[in-house]
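Visitor: So I've got this file, input-v3.pdb, and it contains PDB, C-alpha atoms, pLDDT in the B column:
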MODEL        1
ATOM      1  CA  MET A   1     157.771  42.073 122.270  1.00 47.00           C
ATOM      2  CA  ALA A   2     157.666  45.755 121.297  1.00 47.00           C
ATOM      3  CA  GLU A   3     159.079  46.845 117.966  1.00 50.00           C
ATOM      4  CA  VAL A   4     162.164  49.043 118.227  1.00 51.00           C
ATOM      5  CA  ILE A   5     161.828  52.213 116.162  1.00 55.00           C
ATOM      6  CA  ASP A   6     164.911  54.000 114.861  1.00 58.00           C
ATOM      7  CA  SER A   7     164.127  57.624 115.719  1.00 63.00           C
ATOM      8  CA  SER A   8     167.089  58.856 113.663  1.00 73.00           C
ATOM      9  CA  GLN A   9     165.225  58.019 110.451  1.00 82.00           C
ATOM     10  CA  PRO A  10     162.204  60.039 109.315  1.00 87.00           C
ATOM     11  CA  GLU A  11     158.911  58.163 109.209  1.00 93.00           C
ATOM     12  CA  VAL A  12     157.425  57.531 105.782  1.00 94.00           C
ATOM     13  CA  TYR A  13     153.805  58.627 105.322  1.00 96.00           C
ATOM     14  CA  GLN A  14     151.154  58.265 102.672  1.00 96.00           C
ATOM     15  CA  ILE A  15     148.716  61.157 102.565  1.00 97.00           C
ATOM     16  CA  ARG A  16     145.672  60.636 100.350  1.00 97.00           C
ATOM     17  CA  VAL A  17     143.722  63.688  99.141  1.00 97.00           C
ATOM     18  CA  ARG A  18     140.545  63.952  97.101  1.00 96.00           C
ATOM     19  CA  SER A  19     141.827  65.756  94.027  1.00 92.00           C
ATOM     20  CA  HIS A  20     144.337  65.198  91.260  1.00 94.00           C
ATOM     21  CA  LEU A  21     147.473  67.269  91.776  1.00 92.00           C
ATOM     22  CA  GLY A  22     150.054  67.770  89.045  1.00 88.00           C
ATOM     23  CA  SER A  23     153.723  66.883  89.474  1.00 85.00           C
ATOM     24  CA  ASP A  24     154.464  70.615  89.711  1.00 88.00           C
ATOM     25  CA  TRP A  25     153.186  70.438  93.314  1.00 90.00           C
ATOM     26  CA  THR A  26     156.171  68.273  94.395  1.00 88.00           C
ATOM     27  CA  ASP A  27     158.155  71.268  95.688  1.00 89.00           C
ATOM     28  CA  TRP A  28     155.100  72.630  97.542  1.00 90.00           C
ATOM     29  CA  PHE A  29     154.767  69.272  99.310  1.00 92.00           C
ATOM     30  CA  GLU A  30     158.444  69.151 100.270  1.00 89.00           C
ATOM     31  CA  GLY A  31     159.525  66.540  97.724  1.00 89.00           C
ATOM     32  CA  LEU A  32     156.858  63.929  98.431  1.00 94.00           C
ATOM     33  CA  THR A  33     156.113  61.608  95.518  1.00 94.00           C
ATOM     34  CA  ILE A  34     152.818  62.432  93.826  1.00 95.00           C
ATOM     35  CA  THR A  35     150.817  59.483  92.501  1.00 95.00           C
ATOM     36  CA  LEU A  36     147.515  60.040  90.704  1.00 96.00           C
ATOM     37  CA  GLU A  37     144.967  57.322  91.377  1.00 95.00           C
ATOM     38  CA  GLU A  38     141.904  56.178  89.508  1.00 93.00           C
ATOM     39  CA  GLY A  39     138.826  57.800  90.946  1.00 92.00           C
ATOM     40  CA  GLY A  40     140.410  61.231  91.296  1.00 94.00           C
ATOM     41  CA  ASP A  41     142.533  60.883  94.443  1.00 97.00           C
ATOM     42  CA  THR A  42     146.209  61.768  94.780  1.00 97.00           C
ATOM     43  CA  LEU A  43     148.626  59.867  97.005  1.00 96.00           C
ATOM     44  CA  LEU A  44     151.525  61.864  98.483  1.00 96.00           C
ATOM     45  CA  THR A  45     154.272  59.538  99.730  1.00 95.00           C
ATOM     46  CA  GLY A  46     157.607  60.161 101.378  1.00 94.00           C
ATOM     47  CA  PRO A  47     159.619  60.713 104.525  1.00 94.00           C
ATOM     48  CA  VAL A  48     158.440  63.275 107.060  1.00 95.00           C
ATOM     49  CA  VAL A  49     161.098  64.309 109.587  1.00 93.00           C
ATOM     50  CA  ASP A  50     158.819  64.893 112.587  1.00 94.00           C
ATOM     51  CA  GLN A  51     155.284  65.637 113.748  1.00 94.00           C
ATOM     52  CA  ALA A  52     155.734  69.381 113.180  1.00 96.00           C
ATOM     53  CA  ALA A  53     156.587  68.699 109.515  1.00 95.00           C
ATOM     54  CA  LEU A  54     153.556  66.404 109.199  1.00 96.00           C
ATOM     55  CA  HIS A  55     151.294  69.126 110.590  1.00 96.00           C
ATOM     56  CA  GLY A  56     152.861  71.578 108.128  1.00 96.00           C
ATOM     57  CA  LEU A  57     151.980  69.280 105.227  1.00 96.00           C
ATOM     58  CA  LEU A  58     148.419  68.921 106.502  1.00 96.00           C
ATOM     59  CA  LYS A  59     148.145  72.704 106.766  1.00 96.00           C
ATOM     60  CA  LYS A  60     149.134  72.940 103.086  1.00 95.00           C
ATOM     61  CA  VAL A  61     146.364  70.482 102.185  1.00 95.00           C
ATOM     62  CA  ARG A  62     143.915  72.608 104.160  1.00 96.00           C
ATOM     63  CA  ASP A  63     145.163  75.843 102.575  1.00 95.00           C
ATOM     64  CA  LEU A  64     144.567  74.395  99.092  1.00 93.00           C
ATOM     65  CA  GLY A  65     140.973  73.628 100.077  1.00 95.00           C
ATOM     66  CA  ILE A  66     141.195  69.964  99.087  1.00 94.00           C
ATOM     67  CA  SER A  67     139.693  67.136 101.111  1.00 96.00           C
ATOM     68  CA  LEU A  68     141.980  64.945 103.179  1.00 97.00           C
ATOM     69  CA  VAL A  69     141.065  61.263 102.763  1.00 97.00           C
ATOM     70  CA  SER A  70     143.676  59.504 104.929  1.00 97.00           C
ATOM     71  CA  ILE A  71     147.118  59.645 106.530  1.00 97.00           C
ATOM     72  CA  ASN A  72     149.045  56.406 107.026  1.00 96.00           C
ATOM     73  CA  PRO A  73     152.553  55.780 108.349  1.00 95.00           C
ATOM     74  CA  VAL A  74     154.232  53.015 106.346  1.00 92.00           C
ATOM     75  CA  GLN A  75     157.450  51.098 106.385  1.00 77.00           C
ATOM     76  CA  PRO A  76     159.910  52.538 103.824  1.00 58.00           C
ATOM     77  CA  ASN A  77     159.675  49.342 101.724  1.00 64.00           C
ATOM     78  CA  GLN A  78     155.853  49.140 101.812  1.00 60.00           C
ATOM     79  CA  VAL A  79     153.421  50.851  99.495  1.00 55.00           C
ATOM     80  CA  GLN A  80     149.696  50.837 100.178  1.00 51.00           C
ATOM     81  CA  MET A  81     147.732  50.007  97.077  1.00 53.00           C
ATOM     82  CA  GLU A  82     144.437  51.649  96.119  1.00 48.00           C
ATOM     83  CA  ASP A  83     142.472  48.641  97.392  1.00 50.00           C
ATOM     84  CA  GLY A  84     144.068  49.008 100.841  1.00 53.00           C
ATOM     85  CA  ASN A  85     146.456  46.062 100.473  1.00 51.00           C
ATOM     86  CA  VAL A  86     150.125  46.547 101.309  1.00 49.00           C
ATOM     87  CA  GLU A  87     152.652  45.522  98.700  1.00 47.00           C
TER      88      GLU A  87
ENDMDL
END
Would you put the structure from the file into structure tokens?
Guide:
Amino acid sequence: MAEVIDSSQPEVYQIRVRSHLGSDWTDWFEGLTITLEEGGDTLLTGPVVDQAALHGLLKKVRDLGISLVSINPVQPNQVQMEDGNVE
């Protein structure tokens, strides 16, 4: 049975980049939560309204010249841990 997706709600994404970003970048990344991880990566987490907005965020990562590690859609109540497990 296929899962029904509520298209009226923005999808939540986790975008992992290879660099530590300060909390002052929150506005630049449209309010996404910034989490610094051990090992030097930063996890940007939050709702993204549509694919155009996601591409806009990825363009900002590119424009900063930082390496993109991963992009993962997640359920709003799930958080992917550093070891890849979902909590």
Visitor: Can you translate the PyMOL selection byres ((chain A and resi 13) around 6) into the concrete residues it hits in this file, as JSON, numbers by chain?
Guide: {"A": [12, 14, 45, 46, 72, 73, 74]}
Visitor: Evaluate the PyMOL selection byres ((chain A and resi 58) around 12) against this structure - the residues, as an MDAnalysis selection string, please.
Guide: chainID A and resid 13:17 28:30 44 48 51:57 59:71
Visitor: On this structure, the PyMOL selection byres ((chain A and resi 40) around 8) would catch which residues? List them as a PDB file with C-alpha atoms, in the frame of the given file, sorted by chain and number.
Guide:
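The resulting file, part-v6.pdb, is shown below:
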ATOM      1  CA  ARG A  18     140.545  63.952  97.101  1.00 96.00           C
ATOM      2  CA  SER A  19     141.827  65.756  94.027  1.00 92.00           C
ATOM      3  CA  HIS A  20     144.337  65.198  91.260  1.00 94.00           C
ATOM      4  CA  LEU A  36     147.515  60.040  90.704  1.00 96.00           C
ATOM      5  CA  GLU A  37     144.967  57.322  91.377  1.00 95.00           C
ATOM      6  CA  GLU A  38     141.904  56.178  89.508  1.00 93.00           C
ATOM      7  CA  GLY A  39     138.826  57.800  90.946  1.00 92.00           C
ATOM      8  CA  ASP A  41     142.533  60.883  94.443  1.00 97.00           C
ATOM      9  CA  THR A  42     146.209  61.768  94.780  1.00 97.00           C
TER      10      THR A  42
END
Visitor: Have a look at CA of Asp24 (chain A) and CA of Gln9 (chain A) and let me know their distance in Å, one decimal.
Guide: 26.5 Å
